[in-house]
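A.B. asks: coords-v3.pdb is reproduced below (PDB, C-alpha atoms).
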MODEL        1
ATOM      1  CA  MET F1358      -7.154 -25.789  16.331
ATOM      2  CA  ASP F1359     -10.573 -24.119  16.383
ATOM      3  CA  TRP F1360     -11.159 -22.474  13.009
ATOM      4  CA  THR F1361     -14.229 -20.653  14.343
ATOM      5  CA  ASP F1362     -12.175 -18.763  16.929
ATOM      6  CA  PRO F1363     -11.330 -15.208  15.756
ATOM      7  CA  SER F1364      -7.871 -15.552  17.335
ATOM      8  CA  THR F1365      -7.136 -18.505  15.061
ATOM      9  CA  ILE F1366      -8.439 -17.112  11.765
ATOM     10  CA  GLY F1367      -7.716 -13.393  12.252
ATOM     11  CA  TYR F1368      -4.029 -13.357  11.365
ATOM     12  CA  PRO F1369      -4.283 -15.718   8.359
ATOM     13  CA  VAL F1370      -7.201 -13.664   6.988
ATOM     14  CA  LEU F1371      -5.218 -10.449   7.515
ATOM     15  CA  LEU F1372      -2.117 -11.938   5.887
ATOM     16  CA  GLY F1373      -4.008 -13.396   2.941
ATOM     17  CA  GLY F1374      -6.181 -10.329   2.351
ATOM     18  CA  VAL F1375      -3.293  -7.873   2.396
ATOM     19  CA  LEU F1376      -1.013 -10.139   0.332
ATOM     20  CA  LEU F1377      -3.668 -10.759  -2.308
ATOM     21  CA  GLY F1378      -4.669  -7.095  -2.426
ATOM     22  CA  SER F1379      -1.036  -6.029  -2.711
ATOM     23  CA  ILE F1380      -0.499  -8.248  -5.735
ATOM     24  CA  LEU F1381      -3.902  -7.879  -7.394
ATOM     25  CA  PRO F1382      -5.694  -4.711  -6.312
ATOM     26  CA  ILE F1383      -9.059  -6.437  -5.885
ATOM     27  CA  VAL F1384      -9.097  -6.427  -2.079
ATOM     28  CA  PRO F1385      -9.305  -3.111  -0.195
ATOM     29  CA  THR F1386      -6.183  -3.782   1.861
ATOM     30  CA  GLY F1387      -6.504  -0.638   3.954
ATOM     31  CA  ALA F1388      -9.969  -1.719   5.034
ATOM     32  CA  VAL F1389      -8.642  -5.164   5.987
ATOM     33  CA  VAL F1390      -5.932  -3.593   8.174
ATOM     34  CA  GLY F1391      -8.324  -1.046   9.694
ATOM     35  CA  ALA F1392     -10.839  -3.760  10.521
ATOM     36  CA  ALA F1393      -8.164  -5.952  12.120
ATOM     37  CA  ALA F1394      -6.923  -2.988  14.176
ATOM     38  CA  ALA F1395     -10.498  -2.240  15.277
ATOM     39  CA  ILE F1396     -10.922  -5.853  16.381
ATOM     40  CA  ALA F1397      -7.570  -5.715  18.201
ATOM     41  CA  THR F1398      -8.684  -2.537  19.978
ATOM     42  CA  THR F1399     -12.089  -3.833  21.043
ATOM     43  CA  THR F1400     -11.358  -7.499  21.821
ATOM     44  CA  HIS F1401      -8.607  -9.749  23.106
ATOM     45  CA  HIS F1402      -8.658 -11.843  19.910
ATOM     46  CA  LEU F1403      -5.912  -9.957  18.077
ATOM     47  CA  SER F1404      -2.831  -8.045  19.196
ATOM     48  CA  LEU F1405      -2.396  -4.581  17.650
ATOM     49  CA  PRO F1406       1.408  -4.855  17.297
ATOM     50  CA  LEU F1407       0.951  -8.221  15.573
ATOM     51  CA  VAL F1408      -1.725  -6.747  13.291
ATOM     52  CA  ILE F1409       0.736  -4.039  12.213
ATOM     53  CA  LEU F1410       3.561  -6.569  11.808
ATOM     54  CA  VAL F1411       1.493  -9.063   9.787
ATOM     55  CA  ALA F1412       0.068  -6.295   7.588
ATOM     56  CA  THR F1413       3.557  -4.886   6.993
ATOM     57  CA  VAL F1414       5.032  -8.270   6.058
ATOM     58  CA  ALA F1415       2.119  -9.147   3.755
ATOM     59  CA  ALA F1416       2.202  -5.746   2.049
ATOM     60  CA  LEU F1417       5.979  -5.963   1.602
ATOM     61  CA  ALA F1418       5.728  -9.447   0.102
ATOM     62  CA  GLY F1419       3.025  -8.246  -2.303
ATOM     63  CA  ASP F1420       5.008  -5.160  -3.301
ATOM     64  CA  LEU F1421       8.118  -7.234  -3.954
ATOM     65  CA  VAL F1422       6.090  -9.642  -6.097
ATOM     66  CA  THR F1423       4.741  -6.681  -8.097
ATOM     67  CA  PHE F1424       8.277  -5.285  -8.438
ATOM     68  CA  ALA F1425       9.567  -8.711  -9.568
ATOM     69  CA  VAL F1426       6.789  -9.024 -12.158
ATOM     70  CA  GLY F1427       7.834  -5.629 -13.501
ATOM     71  CA  ARG F1428      11.450  -6.771 -13.616
ATOM     72  CA  VAL F1429      10.639 -10.004 -15.448
ATOM     73  CA  GLY F1430       8.510  -8.163 -17.973
ATOM     74  CA  SER F1431      10.752  -5.098 -17.943
ATOM     75  CA  GLU F1432      10.356  -4.408 -21.673
ATOM     76  CA  ALA F1433       6.575  -4.316 -21.334
ATOM     77  CA  ALA F1434       6.824  -2.366 -18.070
ATOM     78  CA  LEU F1435       9.174   0.145 -19.697
ATOM     79  CA  ARG F1436       6.785   0.576 -22.645
ATOM     80  CA  TRP F1437       3.939   1.117 -20.153
ATOM     81  CA  VAL F1438       5.960   3.678 -18.162
ATOM     82  CA  ALA F1439       7.210   5.405 -21.334
ATOM     83  CA  ARG F1440       3.885   5.555 -23.177
ATOM     84  CA  GLY F1441       3.286   9.085 -24.349
ATOM     85  CA  GLN F1442       6.432  10.363 -22.597
ATOM     86  CA  ALA F1443       9.151  12.367 -24.277
ATOM     87  CA  PRO F1444      12.632  10.833 -23.972
ATOM     88  CA  GLU F1445      13.672  13.841 -21.838
ATOM     89  CA  ARG F1446      10.861  13.128 -19.384
ATOM     90  CA  LEU F1447      11.902   9.484 -19.113
ATOM     91  CA  ALA F1448      15.496  10.569 -18.464
ATOM     92  CA  LYS F1449      14.241  12.877 -15.713
ATOM     93  CA  VAL F1450      12.279  10.022 -14.099
ATOM     94  CA  ARG F1451      15.413   7.853 -14.196
ATOM     95  CA  GLU F1452      17.325  10.648 -12.485
ATOM     96  CA  GLN F1453      14.600  11.011  -9.837
ATOM     97  CA  PHE F1454      14.795   7.312  -9.052
ATOM     98  CA  ALA F1455      18.591   7.505  -8.897
ATOM     99  CA  THR F1456      18.582  10.434  -6.449
ATOM    100  CA  ARG F1457      15.448   9.897  -4.379
ATOM    101  CA  GLY F1458      13.961   6.576  -5.352
ATOM    102  CA  TRP F1459      13.233   5.557  -1.761
ATOM    103  CA  GLN F1460      11.028   8.643  -1.353
ATOM    104  CA  LEU F1461       9.122   7.766  -4.511
ATOM    105  CA  VAL F1462       8.597   4.201  -3.288
ATOM    106  CA  VAL F1463       7.326   5.410   0.109
ATOM    107  CA  ALA F1464       5.046   8.045  -1.428
ATOM    108  CA  GLY F1465       3.761   5.557  -4.004
ATOM    109  CA  ARG F1466       2.671   3.193  -1.220
ATOM    110  CA  LEU F1467       0.931   5.937   0.741
ATOM    111  CA  ILE F1468      -0.843   7.702  -2.136
ATOM    112  CA  PRO F1469      -4.009   5.914  -3.290
ATOM    113  CA  GLY F1470      -3.424   4.461  -6.742
ATOM    114  CA  GLY F1471       0.286   5.278  -6.691
ATOM    115  CA  ARG F1472       1.785   1.995  -5.567
ATOM    116  CA  ILE F1473       1.579  -0.092  -8.746
ATOM    117  CA  PRO F1474       2.767   2.630 -11.166
ATOM    118  CA  VAL F1475       5.722   3.468  -8.900
ATOM    119  CA  LEU F1476       6.691  -0.188  -8.437
ATOM    120  CA  LEU F1477       6.471  -0.887 -12.171
ATOM    121  CA  ALA F1478       8.447   2.270 -12.955
ATOM    122  CA  ALA F1479      11.093   1.264 -10.414
ATOM    123  CA  ALA F1480      11.317  -2.187 -11.982
ATOM    124  CA  ALA F1481      11.407  -0.896 -15.551
ATOM    125  CA  LEU F1482      14.094   1.648 -14.686
ATOM    126  CA  ASN F1483      16.208  -1.016 -12.946
ATOM    127  CA  TYR F1484      15.963   0.479  -9.479
ATOM    128  CA  PRO F1485      18.351  -1.676  -7.392
ATOM    129  CA  LEU F1486      16.752  -4.377  -5.256
ATOM    130  CA  ARG F1487      19.137  -3.577  -2.387
ATOM    131  CA  ARG F1488      17.567  -0.097  -2.247
ATOM    132  CA  MET F1489      14.051  -1.227  -3.074
ATOM    133  CA  VAL F1490      13.642  -3.633  -0.150
ATOM    134  CA  PRO F1491      14.351  -1.145   2.698
ATOM    135  CA  ALA F1492      12.311   1.595   0.997
ATOM    136  CA  ALA F1493       9.368  -0.750   0.474
ATOM    137  CA  ALA F1494       9.655  -2.072   4.054
ATOM    138  CA  LEU F1495       9.502   1.470   5.446
ATOM    139  CA  ALA F1496       6.599   2.314   3.146
ATOM    140  CA  CYS F1497       4.653  -0.797   4.191
ATOM    141  CA  LEU F1498       5.259  -0.150   7.897
ATOM    142  CA  LEU F1499       4.037   3.462   7.595
ATOM    143  CA  TRP F1500       1.049   2.304   5.554
ATOM    144  CA  ALA F1501       0.091  -0.428   8.055
ATOM    145  CA  ALA F1502       0.445   1.994  10.973
ATOM    146  CA  ALA F1503      -1.641   4.671   9.217
ATOM    147  CA  TYR F1504      -4.515   2.320   8.471
ATOM    148  CA  SER F1505      -4.268   0.815  11.935
ATOM    149  CA  VAL F1506      -4.788   4.286  13.385
ATOM    150  CA  LEU F1507      -8.144   4.443  11.605
ATOM    151  CA  GLY F1508      -9.056   1.111  13.180
ATOM    152  CA  ILE F1509      -7.877   2.317  16.596
ATOM    153  CA  VAL F1510      -9.996   5.468  16.303
ATOM    154  CA  SER F1511     -13.100   3.477  15.430
ATOM    155  CA  GLY F1512     -12.335   0.917  18.147
ATOM    156  CA  GLY F1513     -11.903   3.728  20.659
ATOM    157  CA  LEU F1514     -15.285   5.178  19.744
ATOM    158  CA  PHE F1515     -17.263   1.965  20.027
ATOM    159  CA  ASP F1516     -16.979  -1.018  22.330
ATOM    160  CA  SER F1517     -18.708  -3.279  19.828
ATOM    161  CA  PRO F1518     -16.183  -5.028  17.566
ATOM    162  CA  LEU F1519     -18.758  -5.195  14.762
ATOM    163  CA  ILE F1520     -19.547  -1.478  14.810
ATOM    164  CA  ALA F1521     -15.854  -0.574  15.215
ATOM    165  CA  THR F1522     -14.941  -2.813  12.267
ATOM    166  CA  LEU F1523     -17.669  -1.333  10.077
ATOM    167  CA  LEU F1524     -16.647   2.204  11.012
ATOM    168  CA  ALA F1525     -12.960   1.428  10.372
ATOM    169  CA  THR F1526     -13.863   0.057   6.945
ATOM    170  CA  VAL F1527     -15.929   3.127   6.092
ATOM    171  CA  LEU F1528     -13.172   5.479   7.346
ATOM    172  CA  VAL F1529     -10.534   3.695   5.272
ATOM    173  CA  LEU F1530     -12.690   3.785   2.160
ATOM    174  CA  LEU F1531     -13.427   7.500   2.702
ATOM    175  CA  VAL F1532      -9.712   8.250   3.100
ATOM    176  CA  GLY F1533      -9.044   6.352  -0.130
ATOM    177  CA  VAL F1534     -11.747   8.257  -2.015
ATOM    178  CA  ALA F1535     -10.505  11.581  -0.620
ATOM    179  CA  GLY F1536      -6.940  10.735  -1.651
ATOM    180  CA  THR F1537      -8.057   9.821  -5.154
ATOM    181  CA  LEU F1538     -10.050  13.044  -5.514
ATOM    182  CA  ILE F1539      -7.113  15.131  -4.284
ATOM    183  CA  ASN F1540      -4.768  13.398  -6.744
ATOM    184  CA  ARG F1541      -7.157  14.043  -9.626
ATOM    185  CA  TRP F1542      -7.523  17.673  -8.603
ATOM    186  CA  ARG F1543      -3.732  18.127  -8.392
ATOM    187  CA  THR F1544      -3.265  16.447 -11.785
ATOM    188  CA  ARG F1545      -5.850  18.716 -13.422
ATOM    189  CA  ARG F1546      -4.337  21.759 -11.775
ATOM    190  CA  LYS F1547      -0.864  20.898 -13.123
ATOM    191  CA  ARG F1548      -2.288  20.707 -16.645
TER
ENDMDL
END
Show this structure as C-alpha coordinates.

C.D. replies:
Amino acid sequence: MDWTDPSTIGYPVLLGGVLLGSILPIVPTGAVVGAAAAIATTTHHLSLPLVILVATVAALAGDLVTFAVGRVGSEAALRWVARGQAPERLAKVREQFATRGWQLVVAGRLIPGGRIPVLLAAAALNYPLRRMVPAAALACLLWAAAYSVLGIVSGGLFDSPLIATLLATVLVLLVGVAGTLINRWRTRRKR
(Lines of atoms letter the chains of each structure in order from A and count residues from 1; the text may use other names and numbers.)
(Lines give C-alpha, C1' and ligand atoms only; values in the text may rest on other atoms or scores of the structure.)
Protein backbone atom coordinates (compact mmCIF):
# COMPACT_ATOMS: atom_id res chain seq x y z
CA MET A 1 0.00 0.00 0.00
CA ASP A 2 1.43 3.36 -1.07
CA TRP A 3 0.61 5.92 1.61
CA THR A 4 1.74 8.77 -0.66
CA ASP A 5 -0.93 7.97 -3.25
CA PRO A 6 -3.98 10.27 -2.91
CA SER A 7 -6.25 7.30 -3.73
CA THR A 8 -4.93 5.47 -0.68
CA ILE A 9 -5.05 8.29 1.87
CA GLY A 10 -8.04 10.27 0.57
CA TYR A 11 -10.85 8.19 2.04
CA PRO A 12 -9.23 7.63 5.46
CA VAL A 13 -8.50 11.37 5.73
CA LEU A 14 -12.09 12.17 4.74
CA LEU A 15 -13.48 9.63 7.20
CA GLY A 16 -11.24 10.74 10.06
CA GLY A 17 -11.70 14.47 9.45
CA VAL A 18 -15.48 14.30 9.27
CA LEU A 19 -15.76 11.88 12.21
CA LEU A 20 -13.50 13.98 14.42
CA GLY A 21 -15.20 17.22 13.41
CA SER A 22 -18.63 15.70 14.03
CA ILE A 23 -17.69 14.74 17.57
CA LEU A 24 -15.49 17.70 18.47
CA PRO A 25 -16.22 20.74 16.31
CA ILE A 26 -12.54 21.58 15.77
CA VAL A 27 -12.34 20.44 12.14
CA PRO A 28 -14.31 22.31 9.46
CA THR A 29 -16.09 19.19 8.22
CA GLY A 30 -17.85 20.95 5.36
CA ALA A 31 -14.50 22.10 4.01
CA VAL A 32 -13.14 18.55 4.23
CA VAL A 33 -16.10 17.22 2.21
CA GLY A 34 -15.95 20.08 -0.31
CA ALA A 35 -12.23 19.55 -0.82
CA ALA A 36 -12.68 15.80 -1.31
CA ALA A 37 -15.48 16.44 -3.82
CA ALA A 38 -13.27 18.93 -5.68
CA ILE A 39 -10.50 16.34 -5.86
CA ALA A 40 -12.99 13.71 -7.05
CA THR A 41 -14.20 16.11 -9.76
CA THR A 42 -10.76 17.08 -11.02
CA THR A 43 -8.82 13.80 -10.68
CA HIS A 44 -9.30 10.06 -10.85
CA HIS A 45 -8.02 9.61 -7.27
CA LEU A 46 -11.40 9.72 -5.55
CA SER A 47 -14.92 8.72 -6.58
CA LEU A 48 -17.62 11.33 -5.93
CA PRO A 49 -20.29 8.79 -4.87
CA LEU A 50 -17.78 7.27 -2.44
CA VAL A 51 -16.88 10.73 -1.11
CA ILE A 52 -20.57 11.36 -0.36
CA LEU A 53 -21.00 7.89 1.16
CA VAL A 54 -17.90 8.11 3.37
CA ALA A 55 -18.79 11.64 4.50
CA THR A 56 -22.35 10.55 5.30
CA VAL A 57 -21.23 7.52 7.32
CA ALA A 58 -18.59 9.50 9.23
CA ALA A 59 -21.00 12.34 9.99
CA LEU A 60 -23.69 9.89 11.12
CA ALA A 61 -21.25 8.08 13.41
CA GLY A 62 -20.15 11.40 14.92
CA ASP A 63 -23.73 12.58 15.41
CA LEU A 64 -24.69 9.33 17.10
CA VAL A 65 -21.68 9.62 19.41
CA THR A 66 -22.75 13.17 20.31
CA PHE A 67 -26.32 11.96 20.88
CA ALA A 68 -25.05 9.09 23.07
CA VAL A 69 -22.90 11.46 25.13
CA GLY A 70 -26.00 13.57 25.71
CA ARG A 71 -27.93 10.47 26.74
CA VAL A 72 -25.26 9.30 29.17
CA GLY A 73 -25.03 12.74 30.73
CA SER A 74 -28.74 13.42 30.29
CA GLU A 75 -29.08 15.30 33.59
CA ALA A 76 -26.31 17.71 32.59
CA ALA A 77 -27.64 17.90 29.03
CA LEU A 78 -31.14 18.64 30.33
CA ARG A 79 -29.79 21.39 32.61
CA TRP A 80 -27.92 22.84 29.61
CA VAL A 81 -31.04 22.71 27.40
CA ALA A 82 -33.27 24.09 30.18
CA ARG A 83 -30.98 26.91 31.32
CA GLY A 84 -32.95 30.12 31.42
CA GLN A 85 -36.06 28.44 29.97
CA ALA A 86 -39.49 28.60 31.51
CA PRO A 87 -41.05 25.18 32.22
CA GLU A 88 -43.72 25.96 29.59
CA ARG A 89 -41.04 26.52 26.96
CA LEU A 90 -39.37 23.22 27.82
CA ALA A 91 -42.74 21.46 27.54
CA LYS A 92 -43.21 23.03 24.12
CA VAL A 93 -39.77 21.81 22.98
CA ARG A 94 -40.66 18.30 24.18
CA GLU A 95 -43.87 18.49 22.16
CA GLN A 96 -41.96 19.69 19.08
CA PHE A 97 -39.60 16.74 19.32
CA ALA A 98 -42.54 14.37 19.78
CA THR A 99 -44.37 15.67 16.69
CA ARG A 100 -41.59 16.69 14.32
CA GLY A 101 -38.31 15.63 15.85
CA TRP A 102 -36.92 14.28 12.58
CA GLN A 103 -37.32 17.74 11.01
CA LEU A 104 -35.47 19.33 13.91
CA VAL A 105 -32.64 16.80 13.58
CA VAL A 106 -32.34 17.42 9.82
CA ALA A 107 -32.48 21.21 10.21
CA GLY A 108 -29.99 21.09 13.08
CA ARG A 109 -27.47 19.29 10.86
CA LEU A 110 -27.91 21.73 7.99
CA ILE A 111 -27.91 24.99 9.96
CA PRO A 112 -24.41 26.14 10.97
CA GLY A 113 -24.04 25.81 14.73
CA GLY A 114 -27.34 23.97 15.11
CA ARG A 115 -26.21 20.36 15.15
CA ILE A 116 -24.82 20.02 18.68
CA PRO A 117 -27.63 21.89 20.48
CA VAL A 118 -30.28 19.87 18.61
CA LEU A 119 -28.54 16.55 19.29
CA LEU A 120 -28.09 17.35 22.98
CA ALA A 121 -31.70 18.52 23.25
CA ALA A 122 -32.88 15.33 21.55
CA ALA A 123 -30.81 13.25 23.97
CA ALA A 124 -31.91 15.19 27.04
CA LEU A 125 -35.57 14.97 26.03
CA ASN A 126 -35.28 11.21 25.43
CA TYR A 127 -35.93 11.34 21.70
CA PRO A 128 -36.17 7.65 20.69
CA LEU A 129 -33.08 6.14 19.08
CA ARG A 130 -35.25 4.28 16.56
CA ARG A 131 -36.40 7.68 15.25
CA MET A 132 -33.07 9.42 15.73
CA VAL A 133 -31.02 7.10 13.50
CA PRO A 134 -33.07 7.51 10.27
CA ALA A 135 -33.46 11.26 10.83
CA ALA A 136 -29.74 11.69 11.43
CA ALA A 137 -28.90 9.48 8.41
CA LEU A 138 -31.08 11.62 6.15
CA ALA A 139 -29.59 14.79 7.62
CA CYS A 140 -26.02 13.56 7.09
CA LEU A 141 -26.73 12.48 3.51
CA LEU A 142 -28.25 15.88 2.65
CA TRP A 143 -25.35 17.63 4.37
CA ALA A 144 -22.70 15.58 2.54
CA ALA A 145 -24.44 16.14 -0.80
CA ALA A 146 -24.75 19.90 -0.18
CA TYR A 147 -21.08 20.34 0.64
CA SER A 148 -20.10 18.07 -2.22
CA VAL A 149 -21.96 20.38 -4.59
CA LEU A 150 -19.66 23.21 -3.51
CA GLY A 151 -16.68 20.99 -4.30
CA ILE A 152 -18.20 20.02 -7.66
CA VAL A 153 -18.74 23.68 -8.56
CA SER A 154 -15.15 24.56 -7.75
CA GLY A 155 -13.88 21.44 -9.54
CA GLY A 156 -15.96 22.35 -12.58
CA LEU A 157 -14.45 25.83 -12.67
CA PHE A 158 -10.82 24.78 -12.44
CA ASP A 159 -8.94 21.81 -13.81
CA SER A 160 -6.26 22.11 -11.15
CA PRO A 161 -7.08 19.96 -8.11
CA LEU A 162 -5.18 22.37 -5.84
CA ILE A 163 -7.08 25.46 -6.99
CA ALA A 164 -10.41 23.58 -6.97
CA THR A 165 -9.73 22.33 -3.43
CA LEU A 166 -8.79 25.80 -2.20
CA LEU A 167 -11.87 27.32 -3.83
CA ALA A 168 -14.12 24.59 -2.39
CA THR A 169 -12.70 25.27 1.07
CA VAL A 170 -13.25 29.01 0.73
CA LEU A 171 -16.81 28.49 -0.60
CA VAL A 172 -17.68 26.18 2.29
CA LEU A 173 -16.28 28.59 4.85
CA LEU A 174 -18.19 31.49 3.25
CA VAL A 175 -21.43 29.50 3.31
CA GLY A 176 -20.81 28.73 6.99
CA VAL A 177 -20.16 32.39 7.82
CA ALA A 178 -23.24 33.48 5.85
CA GLY A 179 -25.37 30.90 7.66
CA THR A 180 -24.10 32.06 11.04
CA LEU A 181 -24.78 35.71 10.20
CA ILE A 182 -28.30 34.89 8.99
CA ASN A 183 -29.01 32.92 12.19
CA ARG A 184 -27.80 35.80 14.35
CA TRP A 185 -29.90 38.26 12.37
CA ARG A 186 -33.01 36.06 12.70
CA THR A 187 -32.39 35.63 16.45
CA ARG A 188 -32.06 39.39 16.97
CA ARG A 189 -35.14 40.03 14.87
CA LYS A 190 -37.21 37.60 16.98
CA ARG A 191 -36.19 39.47 20.13

A.B. asks: What's the 10 Å shell around stretch 1469-1473 of chain F, counting only C-alpha atoms, without same-chain residues fewer than 4 positions away, as a VMD selection string?

C.D. replies: chain F and resid 1379 to 1382 1420 1423 to 1424 1427 1461 to 1465 1477 to 1479 1496 1532 to 1540

A.B. asks: Pick out the closest residue to F:Thr1398 from this set: F:Ile1366, F:Ala1502, F:Val1510, F:Ala1433. Count all atoms listed in the file.

C.D. replies: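 For F:Thr1398, the nearest of the candidates is F:Val1510.
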
A.B. asks: Please expand the PyMOL selection byres ((chain F and resi 1376) around 8) into the concrete residues it hits in this file, giving the result as a list in words.

C.D. replies: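 On the file shown, the PyMOL selection byres ((chain F and resi 1376) around 8) covers Leu1372, Gly1373, Gly1374, Val1375, Leu1377, Gly1378, Ser1379, Ile1380, Ala1415, Ala1416, Ala1418 and Gly1419 of chain F.
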
A.B. asks: Which one of F:Thr1456, F:Val1411, F:His1402, F:Gly1367 sits closest to F:Leu1498 if you count only C-alpha atoms?

C.D. replies: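 Ranking F:Thr1456, F:Val1411, F:His1402, F:Gly1367 by distance to F:Leu1498, first place goes to F:Val1411.
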
A.B. asks: Hey, can you check how far atom CA of F:Thr1386 sits from atom CA of F:Arg1541?

C.D. replies: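 Pair atom CA of F:Thr1386 / atom CA of F:Arg1541 returns 21.2 Å.
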
A.B. asks: For F:Leu1403, which of F:Gln1453, F:Ser1511, F:Thr1365, F:Thr1544 is the closest residue, counting all atoms listed in the file?

C.D. replies: F:Thr1365

A.B. asks: List the neighbours of F:Gly1508 out to 7 Å using all atoms listed in the file; skip same-chain residues closer than 5 positions along the sequence, and give me the result as a PyMOL selection string.

C.D. replies: chain F and resi 1391-1392+1394-1395+1525

A.B. asks: Could you check how far atom CA of F:Ile1409 sits from atom CA of F:Leu1486, in Å to one decimal?

C.D. replies: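 Interatomic distance here is 23.7 Å.
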
A.B. asks: Just the number, please: distance in Å from atom CA of F:His1401 to atom CA of F:Thr1413, one decimal.

C.D. replies: 20.8 Å

A.B. asks: Using all atoms listed in the file, can you tell me which of F:Ile1509, F:Tyr1504, F:Leu1421, F:Pro1491 comes closest to F:Leu1531?

C.D. replies: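 Of the candidates, the smallest distance to F:Leu1531 is held by F:Tyr1504.
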
A.B. asks: Mind telling me what the PyMOL selection byres ((chain F and resi 1428) around 8) catches here, as a PyMOL selection string?

C.D. replies: chain F and resi 1424-1427+1429-1431+1434+1477+1480-1481+1483

A.B. asks: Given the block above, output stretch 1445-1472 of chain F with N, CA, C and O atoms as a CSV table (one decimal), in the first residue's frame.

C.D. replies:
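Everything below was put into result29.csv:
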chain,number,residue,atom,x,y,z
F,1445,GLU,N,-42.8,26.0,30.7
F,1445,GLU,CA,-43.7,26.0,29.6
F,1445,GLU,C,-43.0,25.8,28.3
F,1445,GLU,O,-43.4,25.1,27.4
F,1446,ARG,N,-41.9,26.6,28.2
F,1446,ARG,CA,-41.0,26.5,27.0
F,1446,ARG,C,-40.4,25.1,26.8
F,1446,ARG,O,-40.4,24.6,25.7
F,1447,LEU,N,-39.9,24.6,27.9
F,1447,LEU,CA,-39.4,23.2,27.8
F,1447,LEU,C,-40.4,22.2,27.4
F,1447,LEU,O,-40.2,21.3,26.6
F,1448,ALA,N,-41.6,22.4,27.9
F,1448,ALA,CA,-42.7,21.5,27.5
F,1448,ALA,C,-43.0,21.6,26.1
F,1448,ALA,O,-43.3,20.6,25.4
F,1449,LYS,N,-43.0,22.8,25.5
F,1449,LYS,CA,-43.2,23.0,24.1
F,1449,LYS,C,-42.1,22.4,23.3
F,1449,LYS,O,-42.4,21.8,22.2
F,1450,VAL,N,-40.9,22.5,23.7
F,1450,VAL,CA,-39.8,21.8,23.0
F,1450,VAL,C,-40.0,20.3,23.0
F,1450,VAL,O,-39.8,19.6,22.0
F,1451,ARG,N,-40.4,19.7,24.1
F,1451,ARG,CA,-40.7,18.3,24.2
F,1451,ARG,C,-41.7,17.9,23.2
F,1451,ARG,O,-41.6,16.9,22.5
F,1452,GLU,N,-42.8,18.7,23.1
F,1452,GLU,CA,-43.9,18.5,22.2
F,1452,GLU,C,-43.4,18.6,20.7
F,1452,GLU,O,-43.8,17.8,19.9
F,1453,GLN,N,-42.5,19.6,20.4
F,1453,GLN,CA,-42.0,19.7,19.1
F,1453,GLN,C,-41.2,18.5,18.7
F,1453,GLN,O,-41.3,18.0,17.6
F,1454,PHE,N,-40.4,18.0,19.6
F,1454,PHE,CA,-39.6,16.7,19.3
F,1454,PHE,C,-40.5,15.5,19.1
F,1454,PHE,O,-40.3,14.7,18.3
F,1455,ALA,N,-41.6,15.5,19.9
F,1455,ALA,CA,-42.5,14.4,19.8
F,1455,ALA,C,-43.3,14.4,18.4
F,1455,ALA,O,-43.5,13.4,17.8
F,1456,THR,N,-43.6,15.6,17.9
F,1456,THR,CA,-44.4,15.7,16.7
F,1456,THR,C,-43.5,15.8,15.4
F,1456,THR,O,-43.9,15.3,14.4
F,1457,ARG,N,-42.4,16.5,15.5
F,1457,ARG,CA,-41.6,16.7,14.3
F,1457,ARG,C,-40.1,16.7,14.6
F,1457,ARG,O,-39.3,17.5,14.1
F,1458,GLY,N,-39.7,15.7,15.5
F,1458,GLY,CA,-38.3,15.6,15.9
F,1458,GLY,C,-37.4,15.4,14.7
F,1458,GLY,O,-36.3,15.9,14.6
F,1459,TRP,N,-37.8,14.6,13.7
F,1459,TRP,CA,-36.9,14.3,12.6
F,1459,TRP,C,-36.6,15.6,11.8
F,1459,TRP,O,-35.5,15.7,11.3
F,1460,GLN,N,-37.6,16.5,11.7
F,1460,GLN,CA,-37.3,17.7,11.0
F,1460,GLN,C,-36.3,18.6,11.8
F,1460,GLN,O,-35.5,19.2,11.2
F,1461,LEU,N,-36.4,18.6,13.1
F,1461,LEU,CA,-35.5,19.3,13.9
F,1461,LEU,C,-34.1,18.8,13.8
F,1461,LEU,O,-33.1,19.5,13.7
F,1462,VAL,N,-34.0,17.4,13.7
F,1462,VAL,CA,-32.6,16.8,13.6
F,1462,VAL,C,-32.0,17.2,12.2
F,1462,VAL,O,-30.9,17.5,12.1
F,1463,VAL,N,-32.8,17.1,11.2
F,1463,VAL,CA,-32.3,17.4,9.8
F,1463,VAL,C,-31.9,18.9,9.8
F,1463,VAL,O,-30.8,19.2,9.3
F,1464,ALA,N,-32.8,19.8,10.2
F,1464,ALA,CA,-32.5,21.2,10.2
F,1464,ALA,C,-31.3,21.5,11.1
F,1464,ALA,O,-30.4,22.3,10.7
F,1465,GLY,N,-31.1,20.9,12.2
F,1465,GLY,CA,-30.0,21.1,13.1
F,1465,GLY,C,-28.7,20.7,12.4
F,1465,GLY,O,-27.7,21.4,12.6
F,1466,ARG,N,-28.7,19.7,11.6
F,1466,ARG,CA,-27.5,19.3,10.9
F,1466,ARG,C,-27.1,20.3,9.8
F,1466,ARG,O,-26.0,20.6,9.5
F,1467,LEU,N,-28.1,20.9,9.1
F,1467,LEU,CA,-27.9,21.7,8.0
F,1467,LEU,C,-27.7,23.2,8.4
F,1467,LEU,O,-27.1,23.9,7.6
F,1468,ILE,N,-28.1,23.6,9.5
F,1468,ILE,CA,-27.9,25.0,10.0
F,1468,ILE,C,-26.6,25.1,10.7
F,1468,ILE,O,-26.4,24.4,11.7
F,1469,PRO,N,-25.7,26.0,10.3
F,1469,PRO,CA,-24.4,26.1,11.0
F,1469,PRO,C,-24.6,26.4,12.5
F,1469,PRO,O,-25.4,27.3,12.8
F,1470,GLY,N,-24.0,25.7,13.3
F,1470,GLY,CA,-24.0,25.8,14.7
F,1470,GLY,C,-25.3,25.2,15.4
F,1470,GLY,O,-25.5,25.3,16.6
F,1471,GLY,N,-26.1,24.5,14.6
F,1471,GLY,CA,-27.3,24.0,15.1
F,1471,GLY,C,-27.3,22.5,15.5
F,1471,GLY,O,-28.1,22.0,16.3
F,1472,ARG,N,-26.3,21.8,15.0
F,1472,ARG,CA,-26.2,20.4,15.1
F,1472,ARG,C,-26.1,19.9,16.6
F,1472,ARG,O,-26.9,19.1,17.1
